Amino acid sequence: MRKSIGVDIGGTKMNFAILNEDGSLENKFRISTPAFSPRDEFMNILKANIRDMLGRYDVCGIGVGVPGLQDVERGVAIYAGNCPALKGTPVVEILQEEFKIPVYIDNDVRVATLGEFWYGAGKDANTIICVTLGTGIGSGIIIRGKLWRGSNCAAGEIGHVKLKEDWLSSTLDMDGTLEAISSGPAIATAYHKMVEGEKLEGRVDTSLKASEVAERAHDGDKTALEIFQTAGYYLGIAIAGYVNLINPELVIIGGGLASVGDLLLKPAFEAYQRYALDVSKQVCRITMAQLGNDAGVVGAGAMVFHYLDGDKFWL
C-alpha cells in the first residue's frame, strides 16, 4: 500500500501525518505555526519535521496545504495573510530539491475539501461547498466531482466577502468582511472591544481566544452571546448567498471554530433558512465535516496519489 506525507499549514497550527492509500493515518502530530518567522526559519522547521518522517517511512510524495493564494502550477505560495512567512515562497522547489521526491501544494481549505470529498462527509456527493471556520474563513468548491480553483487559483475566498460597514478589518485590510466578523480572532476581538467599551474599528488581535468567549457565553455572559449571535447571523447570510450562486447538493462546515457548536451554528442556520432560495434549499444538505482537524492532511496526502495516477481531479 502506498504512503504519502500530508502537511496542513494553518495560521496557528501545522498538522503532519502519514496517509495510507486506504485513508488511514499514521504518525499524526501537530506543532505551532511559526507564521511570523523569517522564511528560511519557517522552511527549516517544515523540512526538519518532514525529514524525521522520511527517516521512518517510505513514501511516494508530499502534499502540502498552504493558506492564502498560491500558483499551484509553479508551486509558489503567493500570499498568506495569516502566515506572512510564506509570502512568495517557492515551496515545491525548496522541498523537492531537499528530498528528491514529488511535492504538490494547494490552498489549505481546498485540500481539506478534497479530504472530505474523497474520504469524509462528501463521499456520496457530486457538487459541494466546504466552509472552514478558524483563524481565517475559507471555502472549497467541488463541481460535478472536480475541484474548482478559479481562473488563477483564487476561488472560494468567502472570508473576504464584504457584509457589513464599520466593523473590524480582516487580514486583507477589508473592514466588515465575513472573516472580520465571524472568524475566531474576530469574535475574540469584538468581545474584548465591547467589554472595554471601545468602538469596533481596527484590525483583529489575538489577545483573547474565541474558545474563552464561548465558555463565557455558555456561562450566560450576554455580551459573549451577542457576539456569537452576530457572527453566526452573518455566516448564515454568506452561506445562503453561496448556495444561491452555486446550487450545491451539500454544504460541509468544518474548522476548529465549528467546535463551538450551536452558539455559532444555530444563528447561522436560521439566517441561511431565511435568505437561501427555496429551490436551492430543496436539494442542499448542510452537514458537519467528518474528518475534523485531519481533513487537511488527508486531502494533502491523497492529492499525491491522484497526481501520480494522472487523475485530473480539478476543472
# chains A, B, ... in the order shown; residues from 1 in each chain; ligands from 1

$ closest_atom_pairs --of "stretch 74-146 of chain A" --to "stretch 277-297 of chain A" --cutoff "6 Å" --atoms "only C-alpha atoms" --output "JSON lines"
{"residue": "A:Val111", "atom": "CA", "partner": "A:Gly296", "partner_atom": "CA", "distance": 5.5}
{"residue": "A:Ala112", "atom": "CA", "partner": "A:Gly296", "partner_atom": "CA", "distance": 4.0}
{"residue": "A:Gly115", "atom": "CA", "partner": "A:Ala295", "partner_atom": "CA", "distance": 5.0}
{"residue": "A:Gly120", "atom": "CA", "partner": "A:Gln290", "partner_atom": "CA", "distance": 5.3}
{"residue": "A:Ala121", "atom": "CA", "partner": "A:Gln290", "partner_atom": "CA", "distance": 5.3}

$ write_last_selection --atoms "C-alpha atoms" --output "PDB file, in the first residue's frame"
ATOM      1  CA  VAL A 111      -7.097  20.235   0.332  1.00  0.00           C
ATOM      2  CA  ALA A 112      -9.444  19.907   3.325  1.00  0.00           C
ATOM      3  CA  GLY A 115     -10.155  15.177   2.071  1.00  0.00           C
ATOM      4  CA  GLY A 120     -15.280  12.066   4.573  1.00  0.00           C
ATOM      5  CA  ALA A 121     -18.674  13.749   4.620  1.00  0.00           C
TER       6      ALA A 121
END

$ select_by_dssp --residues "stretch 185-281 of chain A" --states "strand (DSSP E or B)" --output "count of residues only"
6

$ residues_around --residues "stretch 134-141 of chain A" --least-positions-apart "5" --cutoff "7 Å" --atoms "only C-alpha atoms" --output "short mmCIF file (atom, residue, chain, number, x, y, z; two decimals) with all heavy atoms, in the first residue's frame"
data_model
loop_
_atom_site.label_atom_id
_atom_site.label_comp_id
_atom_site.auth_asym_id
_atom_site.auth_seq_id
_atom_site.Cartn_x
_atom_site.Cartn_y
_atom_site.Cartn_z
N GLY A 11 -2.94 29.01 10.16
CA GLY A 11 -2.45 30.26 10.71
C GLY A 11 -1.82 30.12 12.08
O GLY A 11 -0.92 30.88 12.44
N VAL A 109 -7.65 25.14 2.49
CA VAL A 109 -9.07 24.79 2.54
C VAL A 109 -9.46 23.89 1.38
O VAL A 109 -10.28 22.99 1.53
CB VAL A 109 -9.95 26.06 2.56
CG1 VAL A 109 -11.42 25.69 2.65
CG2 VAL A 109 -9.56 26.96 3.73
N ARG A 110 -8.83 24.10 0.23
CA ARG A 110 -9.13 23.21 -0.90
C ARG A 110 -8.68 21.78 -0.62
O ARG A 110 -9.37 20.82 -0.98
CB ARG A 110 -8.49 23.73 -2.19
CG ARG A 110 -9.24 24.91 -2.79
CD ARG A 110 -8.90 25.11 -4.26
NE ARG A 110 -7.55 25.59 -4.46
CZ ARG A 110 -7.21 26.87 -4.55
NH1 ARG A 110 -8.14 27.80 -4.46
NH2 ARG A 110 -5.96 27.23 -4.75
N THR A 113 -11.15 20.28 1.64
CA THR A 113 -12.34 19.94 0.86
C THR A 113 -12.14 18.62 0.13
O THR A 113 -13.03 17.76 0.12
CB THR A 113 -12.64 21.06 -0.16
OG1 THR A 113 -12.85 22.29 0.54
CG2 THR A 113 -13.87 20.74 -0.98
N ILE A 128 -20.28 20.26 -4.16
CA ILE A 128 -20.08 20.50 -2.73
C ILE A 128 -19.47 21.87 -2.50
O ILE A 128 -18.63 22.33 -3.27
CB ILE A 128 -19.12 19.45 -2.13
CG1 ILE A 128 -19.66 18.04 -2.31
CG2 ILE A 128 -18.82 19.74 -0.67
CD1 ILE A 128 -18.61 16.98 -2.01
N ILE A 129 -19.89 22.51 -1.41
CA ILE A 129 -19.19 23.66 -0.85
C ILE A 129 -18.70 23.22 0.53
O ILE A 129 -19.47 22.70 1.33
CB ILE A 129 -20.10 24.88 -0.69
CG1 ILE A 129 -20.56 25.41 -2.05
CG2 ILE A 129 -19.38 26.00 0.07
CD1 ILE A 129 -21.69 26.41 -1.93
N LEU A 147 -12.55 19.52 -8.49
CA LEU A 147 -12.20 20.70 -7.72
C LEU A 147 -12.19 21.94 -8.60
O LEU A 147 -11.60 21.93 -9.69
CB LEU A 147 -10.81 20.50 -7.09
CG LEU A 147 -10.27 21.65 -6.24
CD1 LEU A 147 -11.07 21.79 -4.95
CD2 LEU A 147 -8.79 21.42 -5.94
N TRP A 148 -12.83 23.02 -8.14
CA TRP A 148 -12.81 24.28 -8.87
C TRP A 148 -11.87 25.24 -8.16
O TRP A 148 -12.07 25.62 -7.01
CB TRP A 148 -14.21 24.88 -8.95
CG TRP A 148 -14.25 26.25 -9.54
CD1 TRP A 148 -14.62 27.41 -8.92
CD2 TRP A 148 -13.91 26.63 -10.88
NE1 TRP A 148 -14.53 28.48 -9.78
CE2 TRP A 148 -14.10 28.03 -11.01
CE3 TRP A 148 -13.46 25.90 -12.01
CZ2 TRP A 148 -13.85 28.72 -12.18
CZ3 TRP A 148 -13.21 26.61 -13.19
CH2 TRP A 148 -13.41 28.00 -13.26
N GLY A 156 -13.12 30.68 -4.00
CA GLY A 156 -13.51 30.22 -2.68
C GLY A 156 -13.19 31.15 -1.53
O GLY A 156 -13.40 30.79 -0.38
N GLU A 157 -12.70 32.35 -1.81
CA GLU A 157 -12.31 33.26 -0.73
C GLU A 157 -13.54 33.93 -0.11
O GLU A 157 -13.69 35.16 -0.10
CB GLU A 157 -11.32 34.30 -1.26
CG GLU A 157 -9.97 33.73 -1.61
CD GLU A 157 -9.19 33.27 -0.39
OE1 GLU A 157 -9.52 33.72 0.75
OE2 GLU A 157 -8.25 32.48 -0.55
N ILE A 158 -14.41 33.11 0.45
CA ILE A 158 -15.65 33.61 1.06
C ILE A 158 -15.37 34.51 2.26
O ILE A 158 -16.14 35.41 2.58
CB ILE A 158 -16.55 32.43 1.47
CG1 ILE A 158 -17.92 32.94 1.93
CG2 ILE A 158 -15.89 31.56 2.53
CD1 ILE A 158 -18.90 31.83 2.27
N GLY A 159 -14.24 34.31 2.92
CA GLY A 159 -13.93 35.12 4.09
C GLY A 159 -13.77 36.60 3.80
O GLY A 159 -13.90 37.43 4.69
N GLU A 179 -14.75 37.26 7.33
CA GLU A 179 -13.64 36.88 8.20
C GLU A 179 -13.44 37.87 9.33
O GLU A 179 -13.03 37.50 10.44
CB GLU A 179 -12.35 36.76 7.37
CG GLU A 179 -11.17 36.19 8.13
CD GLU A 179 -10.01 35.87 7.22
OE1 GLU A 179 -10.11 34.90 6.43
OE2 GLU A 179 -8.99 36.59 7.27
N SER A 183 -14.69 35.02 12.14
CA SER A 183 -13.54 34.15 12.42
C SER A 183 -13.26 34.12 13.92
O SER A 183 -13.79 34.93 14.69
CB SER A 183 -12.31 34.66 11.68
OG SER A 183 -11.86 35.89 12.23
N GLY A 184 -12.42 33.19 14.34
CA GLY A 184 -12.07 33.08 15.76
C GLY A 184 -11.48 34.36 16.32
O GLY A 184 -11.98 34.90 17.33
N PRO A 185 -10.41 34.90 15.72
CA PRO A 185 -9.84 36.15 16.24
C PRO A 185 -10.81 37.32 16.22
O PRO A 185 -10.78 38.18 17.10
CB PRO A 185 -8.65 36.40 15.31
CG PRO A 185 -8.27 35.05 14.80
CD PRO A 185 -9.57 34.31 14.66
N GLY A 255 -13.50 23.07 10.43
CA GLY A 255 -12.56 24.00 11.03
C GLY A 255 -12.71 24.03 12.54
O GLY A 255 -13.75 23.66 13.11
N GLY A 256 -11.67 24.49 13.21
CA GLY A 256 -11.65 24.46 14.67
C GLY A 256 -12.76 25.24 15.33
O GLY A 256 -13.30 24.84 16.36
N LEU A 257 -13.16 26.36 14.75
CA LEU A 257 -14.19 27.20 15.36
C LEU A 257 -15.56 26.53 15.32
O LEU A 257 -16.42 26.82 16.16
CB LEU A 257 -14.25 28.55 14.65
CG LEU A 257 -15.20 29.60 15.21
CD1 LEU A 257 -14.86 29.93 16.66
CD2 LEU A 257 -15.19 30.86 14.36
#

$ select_by_dssp --residues "stretch 103-311 of chain A" --states "alpha helix (DSSP H)" --output "NGL selection string"
:A and (108-119 or 178-182 or 184-195 or 210-218 or 222-246 or 262-275 or 278-281 or 295-308)

$ atom_distance --atom1 "atom CA of A:Thr177" --atom2 "atom CA of A:Ile237"
11.8 Å

$ residues_around --residues "stretch 89-92 of chain A" --least-positions-apart "5" --cutoff "6 Å" --atoms "only C-alpha atoms" --output "list in words"
Gly75, Val76, Ala77 and Val103 of chain A

$ closest_residue --among "A:Arg74, A:Lys28, A:Lys123, A:Lys222" --to "A:Asn152" --atoms "only C-alpha atoms"
A:Arg74

$ residues_around --residues "stretch 53-63 of chain A" --least-positions-apart "4" --cutoff "7 Å" --atoms "only C-alpha atoms" --output "MDAnalysis selection string"
chainID A and resid 2:7 49 101:105 300:301 303:304

$ residues_around --residues "A:Arg39" --least-positions-apart "2" --cutoff "8 Å" --atoms "only C-alpha atoms" --output "compact mmCIF listing (two decimals) with all heavy atoms, in the first residue's frame"
# COMPACT_ATOMS: atom_id res chain seq x y z
N SER A 37 7.80 34.13 11.47
CA SER A 37 9.24 33.95 11.44
C SER A 37 9.80 34.30 10.06
O SER A 37 9.05 34.36 9.08
CB SER A 37 9.58 32.48 11.75
OG SER A 37 9.14 32.11 13.03
N GLU A 41 13.75 30.35 8.34
CA GLU A 41 13.47 29.67 9.61
C GLU A 41 12.21 28.83 9.49
O GLU A 41 12.17 27.68 9.95
CB GLU A 41 13.32 30.71 10.73
CG GLU A 41 13.06 30.09 12.10
CD GLU A 41 12.93 31.15 13.18
OE1 GLU A 41 13.52 32.24 13.03
OE2 GLU A 41 12.23 30.89 14.17
N PHE A 42 11.18 29.39 8.88
CA PHE A 42 9.93 28.65 8.67
C PHE A 42 10.19 27.38 7.87
O PHE A 42 9.77 26.28 8.26
CB PHE A 42 8.92 29.54 7.94
CG PHE A 42 7.57 28.88 7.74
CD1 PHE A 42 6.51 29.21 8.57
CD2 PHE A 42 7.37 27.94 6.75
CE1 PHE A 42 5.27 28.60 8.40
CE2 PHE A 42 6.14 27.33 6.57
CZ PHE A 42 5.09 27.66 7.39
N MET A 43 10.87 27.51 6.75
CA MET A 43 11.10 26.35 5.88
C MET A 43 12.02 25.33 6.55
O MET A 43 11.86 24.12 6.34
CB MET A 43 11.67 26.80 4.55
CG MET A 43 10.70 27.60 3.68
SD MET A 43 9.13 26.74 3.36
CE MET A 43 9.68 25.33 2.39
N ALA A 85 5.14 34.48 6.72
CA ALA A 85 6.44 33.84 6.48
C ALA A 85 6.50 33.17 5.12
O ALA A 85 7.57 33.01 4.54
CB ALA A 85 6.72 32.82 7.58
N LEU A 86 5.35 32.78 4.58
CA LEU A 86 5.32 32.03 3.32
C LEU A 86 5.20 32.91 2.08
O LEU A 86 5.28 32.40 0.96
CB LEU A 86 4.15 31.04 3.33
CG LEU A 86 4.37 29.73 4.09
CD1 LEU A 86 3.08 28.92 4.10
CD2 LEU A 86 5.50 28.93 3.47
N THR A 89 7.05 32.31 -1.40
CA THR A 89 7.96 31.17 -1.21
C THR A 89 7.72 30.08 -2.24
O THR A 89 6.59 29.59 -2.37
CB THR A 89 7.80 30.58 0.20
OG1 THR A 89 8.06 31.58 1.18
CG2 THR A 89 8.75 29.42 0.41

$ closest_residue --among "A:Leu163, A:Val66, A:Leu315, A:Val298" --to "A:Ala17" --atoms "only C-alpha atoms"
A:Val298

$ closest_atom_pairs --of "stretch 88-196 of chain A" --to "stretch 215-220 of chain A" --cutoff "12 Å" --atoms "only C-alpha atoms" --output "Markdown table"
| residue | atom | partner | partner_atom | distance |
| --- | --- | --- | --- | --- |
| A:Ile187 | CA | A:Ala217 | CA | 11.7 |
| A:Ala188 | CA | A:Arg216 | CA | 11.2 |
| A:Tyr191 | CA | A:Arg216 | CA | 10.3 |
